[in-house]
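Encoded as structure tokens, the structure appears first; notes follow it.
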Amino acid sequence: MDFRTLDATAANIIAYYPKALQVLDGEIPTPVTIEFFLTNFCSFRCPHCRCATAHGSCDEYMDIVLFKQILTSLSNWGVGTLEFGGGGEPLEHPDIIEILELVAKHDMRCGIITNGYAFVENKTLMQKVAAVADWVRISLDAVTEESFQRVHGRKDISYAKLRAALRTFTSLTAQMQDARRRTRLGIKLIIQEANCDTAHRAFAEAEYLHADYLQFKWLEQHPASIPLAERQGIVDELTRLAATTSMPVDMLQGYGENASSDTASLASASSSSAATALTAPATPAATTAPTAPAATTAPNAPNAPTAPTAPTAPTATTAPNAPNAPNAPTAPTAPTAPSAPNATTPVATTASASAFIAPAASSAQTALSSGAGGRCVMSVLHPLIDWDGGVYICAFFHHRKASHLLGSLKEAPLSEIWGGELHKEKVAAVDAKLCVPNCPLKRYNPILSFIEQEAYRFAYI
Ligand code: SF4
Ligand code: SF4
């Protein structure tokens, strides 16, 4: 019997299949999810920040009056899901609590991509996020004090404090919401020089924090990137640990030229089950306890990541009433939206997307490499609104603002900007092959090509 990985990418297409067909027909339907960059400010100074040149020393925030106007018009227009990311750090917007209350008032789904540090000082905000957000993805990027401070460019921040705050957060979400509505928590690490030797500890940390999924991504094209030749050992270790947890674990391509090489690297590892293990349903944890990383597992110690002794396997830290049920997270989050940059739902590697249709005939496989592959297709379901009300094709607009700008919400509501000739022309002008290799929305293209070319006729159910 074959087991197929029905990953979040495929699940989103299924959830919005009629809209996907409209897009393939050249139409521009109402978007599913709107991504917001509420501010270009962030108090962290991560050397690897993709938006560092965009936010730099900036400290601009979306005006709350403008946000209210936008939200009302989006709600009336039928948009049901918002995602706050950056850009900058969304939880550092001075009106973030009011913003979240407005989202709740309009009964919209909401996801947040954050470094999470605002929870350390602001318990009221933590409670509000726990009550309102459907998913939160923490850009943790490090799980020891030393690497946490290096990776985020500040010596005055504390991983132990963030760890304690996140643990409180997941306890809150478990108390405040029913199982279906509970906030899904994702943990993500960008692997780089400062954290590569401790990245494996993220497994135990994610378990301790009751996270619903764990993601790794390579830092690319940066002085702190890990050379390609040195990555396989890290992949092997992460793959081994991925088999010890029931959490979905993803190894994502990084942004940049090395991305395709990374895929090859993971694919070759896949032949020895590396990439597959990172995305496939995990084997029971108990089988691997003898080889689990020891240092990170003491569940109640604030500084446990550096503790040298705890011999317990990572999964042993999961409390009996832990909110994360094995493999549960992907189902509720799947219908929310096509994944955004820094997506909240686990996003499969190329290997996993192929696995979804793996049993198809070879002609269907051929279809995957053509068709929508060179087009920007799914951005019309997931546009970006910047802090100043500018509407852009997608979140990767900073280096091409003019070509990506669709209009300003200070001048017209989105329903008027959306779907016009200018919009169609700008989307059609995008050559997706020239975009960032790891654009999350491009991951939908193989499946869209599959649909477009009716390649499914070569398969069977
Ligand atoms: S926390 Fe995120 S937005 Fe802030 S500097 Fe780091 S990478 Fe950039
Ligand atoms: S393909 Fe290019 S334009 Fe389209 S969403 Fe991705 S990065 Fe943006």
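By order in the structure tokens, chains are A, B, ...; within a chain, residues start at 1; ligands start at 1, following the order shown.
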
Let me have all residues with an atom within 6 Å of ligand 1, counting only C-alpha atoms and all ligand atoms, laid out as a PyMOL selection string. chain A and resi 42+44-46+49+51-52+86+88-89+115+152

Selected residues written out, C-alpha atoms, as a PDB file, in the first residue's frame:
```pdb
ATOM      1  CA  CYS A  42      11.595  45.949  14.473  1.00  0.00           C
ATOM      2  CA  PHE A  44      15.689  43.227  16.790  1.00  0.00           C
ATOM      3  CA  ARG A  45      18.719  43.644  14.556  1.00  0.00           C
ATOM      4  CA  CYS A  46      19.072  40.251  12.926  1.00  0.00           C
ATOM      5  CA  CYS A  49      16.903  39.987   8.133  1.00  0.00           C
ATOM      6  CA  CYS A  51      13.799  43.208   5.224  1.00  0.00           C
ATOM      7  CA  ALA A  52      16.765  44.877   6.931  1.00  0.00           C
ATOM      8  CA  GLY A  86       6.860  41.819   8.129  1.00  0.00           C
ATOM      9  CA  GLY A  88       8.866  44.786  10.565  1.00  0.00           C
ATOM     10  CA  GLU A  89       7.665  43.171  13.784  1.00  0.00           C
ATOM     11  CA  ASN A 115       9.759  37.011  16.762  1.00  0.00           C
ATOM     12  CA  HIS A 152      19.010  38.555  16.614  1.00  0.00           C
TER      13      HIS A 152
END
```

Write out as a VMD selection string each polymer residue whose atoms come within 9 Å of Gly419 of chain A, counting only C-alpha atoms; drop sequence neighbours fewer than 3 positions from it. chain A and resid 27 to 30 380 415 to 416 422 to 424

Keeping only C-alpha atoms, write the selected residues as a PDB file, in the first residue's frame.
```pdb
ATOM      1  CA  GLU A  27      -9.490  35.718 -13.893  1.00  0.00           C
ATOM      2  CA  ILE A  28      -8.685  37.511 -10.654  1.00  0.00           C
ATOM      3  CA  PRO A  29     -11.044  36.351  -7.892  1.00  0.00           C
ATOM      4  CA  THR A  30     -11.463  37.931  -4.481  1.00  0.00           C
ATOM      5  CA  VAL A 380      -3.849  36.985  -6.749  1.00  0.00           C
ATOM      6  CA  SER A 415     -12.347  46.138  -4.285  1.00  0.00           C
ATOM      7  CA  GLU A 416     -11.780  48.971  -6.782  1.00  0.00           C
ATOM      8  CA  LEU A 422      -3.603  47.380 -14.418  1.00  0.00           C
ATOM      9  CA  HIS A 423      -3.667  44.487 -12.014  1.00  0.00           C
ATOM     10  CA  LYS A 424      -3.888  41.921 -14.802  1.00  0.00           C
TER      11      LYS A 424
END
```

Neighbourhood of ligand 2 at 9 Å, counting only C-alpha atoms and all ligand atoms, reported as a PDB file with N, CA and C atoms, in the first residue's frame:
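File produced: out.pdb:
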```
ATOM      1  N   ALA A 340       2.011  32.040   2.785  1.00  0.00           N
ATOM      2  CA  ALA A 340       2.676  33.296   2.513  1.00  0.00           C
ATOM      3  C   ALA A 340       4.155  33.129   2.726  1.00  0.00           C
ATOM      4  N   PRO A 341       4.957  34.161   2.305  1.00  0.00           N
ATOM      5  CA  PRO A 341       6.347  34.118   2.716  1.00  0.00           C
ATOM      6  C   PRO A 341       6.406  33.939   4.219  1.00  0.00           C
ATOM      7  N   GLY A 374       6.375  29.013 -14.875  1.00  0.00           N
ATOM      8  CA  GLY A 374       7.014  30.296 -15.133  1.00  0.00           C
ATOM      9  C   GLY A 374       6.116  31.482 -14.854  1.00  0.00           C
ATOM     10  N   ARG A 375       4.946  31.249 -14.309  1.00  0.00           N
ATOM     11  CA  ARG A 375       4.002  32.342 -14.068  1.00  0.00           C
ATOM     12  C   ARG A 375       3.818  32.593 -12.582  1.00  0.00           C
ATOM     13  N   CYS A 376       3.423  33.801 -12.309  1.00  0.00           N
ATOM     14  CA  CYS A 376       3.007  34.106 -10.942  1.00  0.00           C
ATOM     15  C   CYS A 376       1.496  33.907 -10.905  1.00  0.00           C
ATOM     16  N   VAL A 377       1.051  32.870 -10.250  1.00  0.00           N
ATOM     17  CA  VAL A 377      -0.366  32.514 -10.318  1.00  0.00           C
ATOM     18  C   VAL A 377      -1.080  32.818  -9.005  1.00  0.00           C
ATOM     19  N   MET A 378      -0.549  32.312  -7.924  1.00  0.00           N
ATOM     20  CA  MET A 378      -1.325  32.348  -6.680  1.00  0.00           C
ATOM     21  C   MET A 378      -1.263  33.678  -5.939  1.00  0.00           C
ATOM     22  N   SER A 379      -0.429  34.599  -6.403  1.00  0.00           N
ATOM     23  CA  SER A 379      -0.362  35.886  -5.704  1.00  0.00           C
ATOM     24  C   SER A 379      -1.721  36.589  -5.718  1.00  0.00           C
ATOM     25  N   VAL A 380      -2.545  36.299  -6.693  1.00  0.00           N
ATOM     26  CA  VAL A 380      -3.849  36.985  -6.749  1.00  0.00           C
ATOM     27  C   VAL A 380      -4.789  36.500  -5.646  1.00  0.00           C
ATOM     28  N   HIS A 382      -3.416  36.087  -2.571  1.00  0.00           N
ATOM     29  CA  HIS A 382      -2.675  36.389  -1.340  1.00  0.00           C
ATOM     30  C   HIS A 382      -1.811  37.647  -1.532  1.00  0.00           C
ATOM     31  N   PRO A 383      -2.428  38.812  -1.675  1.00  0.00           N
ATOM     32  CA  PRO A 383      -1.640  40.042  -1.875  1.00  0.00           C
ATOM     33  C   PRO A 383      -1.134  40.618  -0.562  1.00  0.00           C
ATOM     34  N   ILE A 393       1.607  43.188  -5.307  1.00  0.00           N
ATOM     35  CA  ILE A 393       1.317  41.849  -5.833  1.00  0.00           C
ATOM     36  C   ILE A 393       1.614  40.783  -4.794  1.00  0.00           C
ATOM     37  N   CYS A 394       2.733  40.932  -4.113  1.00  0.00           N
ATOM     38  CA  CYS A 394       3.104  39.945  -3.094  1.00  0.00           C
ATOM     39  C   CYS A 394       4.067  40.577  -2.107  1.00  0.00           C
ATOM     40  N   ALA A 395       4.501  39.802  -1.132  1.00  0.00           N
ATOM     41  CA  ALA A 395       5.365  40.330  -0.068  1.00  0.00           C
ATOM     42  C   ALA A 395       6.795  40.579  -0.546  1.00  0.00           C
ATOM     43  N   PHE A 396       7.167  40.038  -1.694  1.00  0.00           N
ATOM     44  CA  PHE A 396       8.537  40.208  -2.185  1.00  0.00           C
ATOM     45  C   PHE A 396       8.592  41.413  -3.125  1.00  0.00           C
ATOM     46  N   PHE A 397       8.284  42.566  -2.607  1.00  0.00           N
ATOM     47  CA  PHE A 397       8.132  43.735  -3.471  1.00  0.00           C
ATOM     48  C   PHE A 397       9.200  44.795  -3.249  1.00  0.00           C
ATOM     49  N   HIS A 404       5.439  46.222  -8.717  1.00  0.00           N
ATOM     50  CA  HIS A 404       4.554  45.421  -7.867  1.00  0.00           C
ATOM     51  C   HIS A 404       3.402  46.204  -7.260  1.00  0.00           C
ATOM     52  N   VAL A 427       0.440  41.510 -13.087  1.00  0.00           N
ATOM     53  CA  VAL A 427       0.634  40.092 -12.745  1.00  0.00           C
ATOM     54  C   VAL A 427       1.161  39.329 -13.959  1.00  0.00           C
ATOM     55  N   VAL A 430       4.926  39.534 -14.593  1.00  0.00           N
ATOM     56  CA  VAL A 430       5.877  38.875 -13.691  1.00  0.00           C
ATOM     57  C   VAL A 430       6.410  37.602 -14.348  1.00  0.00           C
ATOM     58  N   ASP A 431       7.711  37.486 -14.377  1.00  0.00           N
ATOM     59  CA  ASP A 431       8.318  36.230 -14.808  1.00  0.00           C
ATOM     60  C   ASP A 431       8.766  35.502 -13.547  1.00  0.00           C
ATOM     61  N   ALA A 432       7.981  34.533 -13.142  1.00  0.00           N
ATOM     62  CA  ALA A 432       8.236  33.878 -11.854  1.00  0.00           C
ATOM     63  C   ALA A 432       9.594  33.193 -11.816  1.00  0.00           C
ATOM     64  N   LYS A 433      10.116  32.883 -12.985  1.00  0.00           N
ATOM     65  CA  LYS A 433      11.432  32.227 -12.997  1.00  0.00           C
ATOM     66  C   LYS A 433      12.517  33.170 -12.480  1.00  0.00           C
ATOM     67  N   LEU A 434      12.241  34.484 -12.538  1.00  0.00           N
ATOM     68  CA  LEU A 434      13.221  35.465 -12.080  1.00  0.00           C
ATOM     69  C   LEU A 434      12.992  35.872 -10.632  1.00  0.00           C
ATOM     70  N   CYS A 435      11.922  35.376 -10.035  1.00  0.00           N
ATOM     71  CA  CYS A 435      11.627  35.715  -8.643  1.00  0.00           C
ATOM     72  C   CYS A 435      12.462  34.849  -7.700  1.00  0.00           C
ATOM     73  N   VAL A 436      12.380  35.156  -6.418  1.00  0.00           N
ATOM     74  CA  VAL A 436      13.137  34.363  -5.453  1.00  0.00           C
ATOM     75  C   VAL A 436      12.795  32.885  -5.618  1.00  0.00           C
ATOM     76  N   PRO A 437      13.806  32.022  -5.642  1.00  0.00           N
ATOM     77  CA  PRO A 437      13.534  30.607  -5.894  1.00  0.00           C
ATOM     78  C   PRO A 437      12.549  30.009  -4.899  1.00  0.00           C
ATOM     79  N   ASN A 438      12.581  30.526  -3.692  1.00  0.00           N
ATOM     80  CA  ASN A 438      11.745  29.907  -2.668  1.00  0.00           C
ATOM     81  C   ASN A 438      10.471  30.688  -2.389  1.00  0.00           C
ATOM     82  N   CYS A 439      10.019  31.466  -3.329  1.00  0.00           N
ATOM     83  CA  CYS A 439       8.742  32.153  -3.125  1.00  0.00           C
ATOM     84  C   CYS A 439       7.693  31.111  -2.740  1.00  0.00           C
ATOM     85  N   PRO A 440       7.096  31.227  -1.569  1.00  0.00           N
ATOM     86  CA  PRO A 440       6.156  30.187  -1.135  1.00  0.00           C
ATOM     87  C   PRO A 440       4.987  30.011  -2.091  1.00  0.00           C
ATOM     88  N   LEU A 441       4.582  31.079  -2.730  1.00  0.00           N
ATOM     89  CA  LEU A 441       3.428  30.948  -3.626  1.00  0.00           C
ATOM     90  C   LEU A 441       3.779  30.186  -4.903  1.00  0.00           C
ATOM     91  N   LYS A 442       5.059  30.179  -5.253  1.00  0.00           N
ATOM     92  CA  LYS A 442       5.460  29.402  -6.441  1.00  0.00           C
ATOM     93  C   LYS A 442       5.345  27.901  -6.205  1.00  0.00           C
ATOM     94  N   ARG A 443       5.296  27.517  -4.950  1.00  0.00           N
ATOM     95  CA  ARG A 443       5.189  26.077  -4.683  1.00  0.00           C
ATOM     96  C   ARG A 443       3.863  25.502  -5.169  1.00  0.00           C
TER      97      ARG A 443
END
```

I'd like the neighbourhood of segment 56-65 of chain A as a PyMOL selection string, where a residue qualifies if any of its atoms comes within 8 Å (using only C-alpha atoms), though same-chain residues fewer than 2 positions away should be ignored. chain A and resi 38-42+51-54+67-69+93+95+99+386-389

Selection export as a PDB file, in the first residue's frame, atoms kept: N, CA and C atoms:
```pdb
ATOM      1  N   LEU A  38       2.246  45.641   9.054  1.00  0.00           N
ATOM      2  CA  LEU A  38       1.698  46.739   9.856  1.00  0.00           C
ATOM      3  C   LEU A  38       2.729  47.815  10.150  1.00  0.00           C
ATOM      4  N   THR A  39       3.982  47.456  10.096  1.00  0.00           N
ATOM      5  CA  THR A  39       5.055  48.419  10.384  1.00  0.00           C
ATOM      6  C   THR A  39       6.328  47.975   9.690  1.00  0.00           C
ATOM      7  N   ASN A  40       7.236  48.916   9.498  1.00  0.00           N
ATOM      8  CA  ASN A  40       8.569  48.523   9.015  1.00  0.00           C
ATOM      9  C   ASN A  40       9.586  48.584  10.158  1.00  0.00           C
ATOM     10  N   PHE A  41       9.092  48.710  11.374  1.00  0.00           N
ATOM     11  CA  PHE A  41       9.986  48.772  12.534  1.00  0.00           C
ATOM     12  C   PHE A  41      10.153  47.399  13.171  1.00  0.00           C
ATOM     13  N   CYS A  42      11.358  47.134  13.647  1.00  0.00           N
ATOM     14  CA  CYS A  42      11.595  45.949  14.473  1.00  0.00           C
ATOM     15  C   CYS A  42      12.727  46.280  15.429  1.00  0.00           C
ATOM     16  N   CYS A  51      14.355  41.870   5.396  1.00  0.00           N
ATOM     17  CA  CYS A  51      13.799  43.208   5.224  1.00  0.00           C
ATOM     18  C   CYS A  51      14.680  44.273   5.864  1.00  0.00           C
ATOM     19  N   ALA A  52      15.916  43.914   6.217  1.00  0.00           N
ATOM     20  CA  ALA A  52      16.765  44.877   6.931  1.00  0.00           C
ATOM     21  C   ALA A  52      16.918  46.160   6.132  1.00  0.00           C
ATOM     22  N   THR A  53      17.134  46.015   4.845  1.00  0.00           N
ATOM     23  CA  THR A  53      17.306  47.223   4.054  1.00  0.00           C
ATOM     24  C   THR A  53      15.989  47.973   3.906  1.00  0.00           C
ATOM     25  N   ALA A  54      14.889  47.239   4.082  1.00  0.00           N
ATOM     26  CA  ALA A  54      13.577  47.882   3.947  1.00  0.00           C
ATOM     27  C   ALA A  54      13.209  48.622   5.223  1.00  0.00           C
ATOM     28  N   PHE A  67      -6.324  51.522   9.115  1.00  0.00           N
ATOM     29  CA  PHE A  67      -6.535  50.081   9.306  1.00  0.00           C
ATOM     30  C   PHE A  67      -8.020  49.769   9.476  1.00  0.00           C
ATOM     31  N   LYS A  68      -8.715  50.590  10.267  1.00  0.00           N
ATOM     32  CA  LYS A  68     -10.153  50.357  10.475  1.00  0.00           C
ATOM     33  C   LYS A  68     -10.910  50.418   9.155  1.00  0.00           C
ATOM     34  N   GLN A  69     -10.581  51.428   8.356  1.00  0.00           N
ATOM     35  CA  GLN A  69     -11.251  51.561   7.050  1.00  0.00           C
ATOM     36  C   GLN A  69     -10.992  50.331   6.185  1.00  0.00           C
ATOM     37  N   HIS A  93       3.660  47.092  16.803  1.00  0.00           N
ATOM     38  CA  HIS A  93       2.779  48.206  16.419  1.00  0.00           C
ATOM     39  C   HIS A  93       2.126  48.741  17.695  1.00  0.00           C
ATOM     40  N   ASP A  95      -0.606  50.084  18.304  1.00  0.00           N
ATOM     41  CA  ASP A  95      -2.048  49.830  18.431  1.00  0.00           C
ATOM     42  C   ASP A  95      -2.395  48.363  18.193  1.00  0.00           C
ATOM     43  N   ILE A  99      -5.900  46.570  17.115  1.00  0.00           N
ATOM     44  CA  ILE A  99      -5.964  45.911  15.804  1.00  0.00           C
ATOM     45  C   ILE A  99      -6.520  44.488  15.957  1.00  0.00           C
ATOM     46  N   ASP A 386       1.008  47.117   2.590  1.00  0.00           N
ATOM     47  CA  ASP A 386       2.102  47.657   3.386  1.00  0.00           C
ATOM     48  C   ASP A 386       1.571  48.662   4.415  1.00  0.00           C
ATOM     49  N   TRP A 387       2.434  49.072   5.324  1.00  0.00           N
ATOM     50  CA  TRP A 387       2.031  49.938   6.441  1.00  0.00           C
ATOM     51  C   TRP A 387       1.388  51.244   5.958  1.00  0.00           C
ATOM     52  N   ASP A 388       1.753  51.713   4.760  1.00  0.00           N
ATOM     53  CA  ASP A 388       1.224  52.991   4.268  1.00  0.00           C
ATOM     54  C   ASP A 388      -0.011  52.828   3.398  1.00  0.00           C
ATOM     55  N   GLY A 389      -0.551  51.617   3.339  1.00  0.00           N
ATOM     56  CA  GLY A 389      -1.759  51.378   2.550  1.00  0.00           C
ATOM     57  C   GLY A 389      -1.481  50.977   1.116  1.00  0.00           C
TER      58      GLY A 389
END
```

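Each of A:Leu406, A:Gly186, A:Phe84, A:Leu381 was compared to Leu21 of chain A using only C-alpha atoms, and A:Leu381 turns out to be the nearest.
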
* **Counting only C-alpha atoms, the option among A:Trp418, A:Tyr444, A:Phe216, A:Tyr208 closest to Trp77 of chain A** =>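 Nearest candidate to Trp77 of chain A out of A:Trp418, A:Tyr444, A:Phe216, A:Tyr208: A:Trp418.
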
Within 9 Å of segment 31-34 of chain A, which residues of segment 69-170 of chain A come that close, and what is the closest atom pair and distance in Å for each? Count only C-alpha atoms and give it as a tab-separated table.
```
residue	atom	partner	partner_atom	distance
A:Leu74	CA	A:Ile34	CA	8.9
A:Gly78	CA	A:Val32	CA	8.7
A:Val79	CA	A:Val32	CA	6.0
A:Gly80	CA	A:Val32	CA	6.7
A:Thr81	CA	A:Thr33	CA	4.7
A:Leu82	CA	A:Ile34	CA	4.9
A:Glu83	CA	A:Ile34	CA	6.2
A:Phe84	CA	A:Ile34	CA	8.6
```
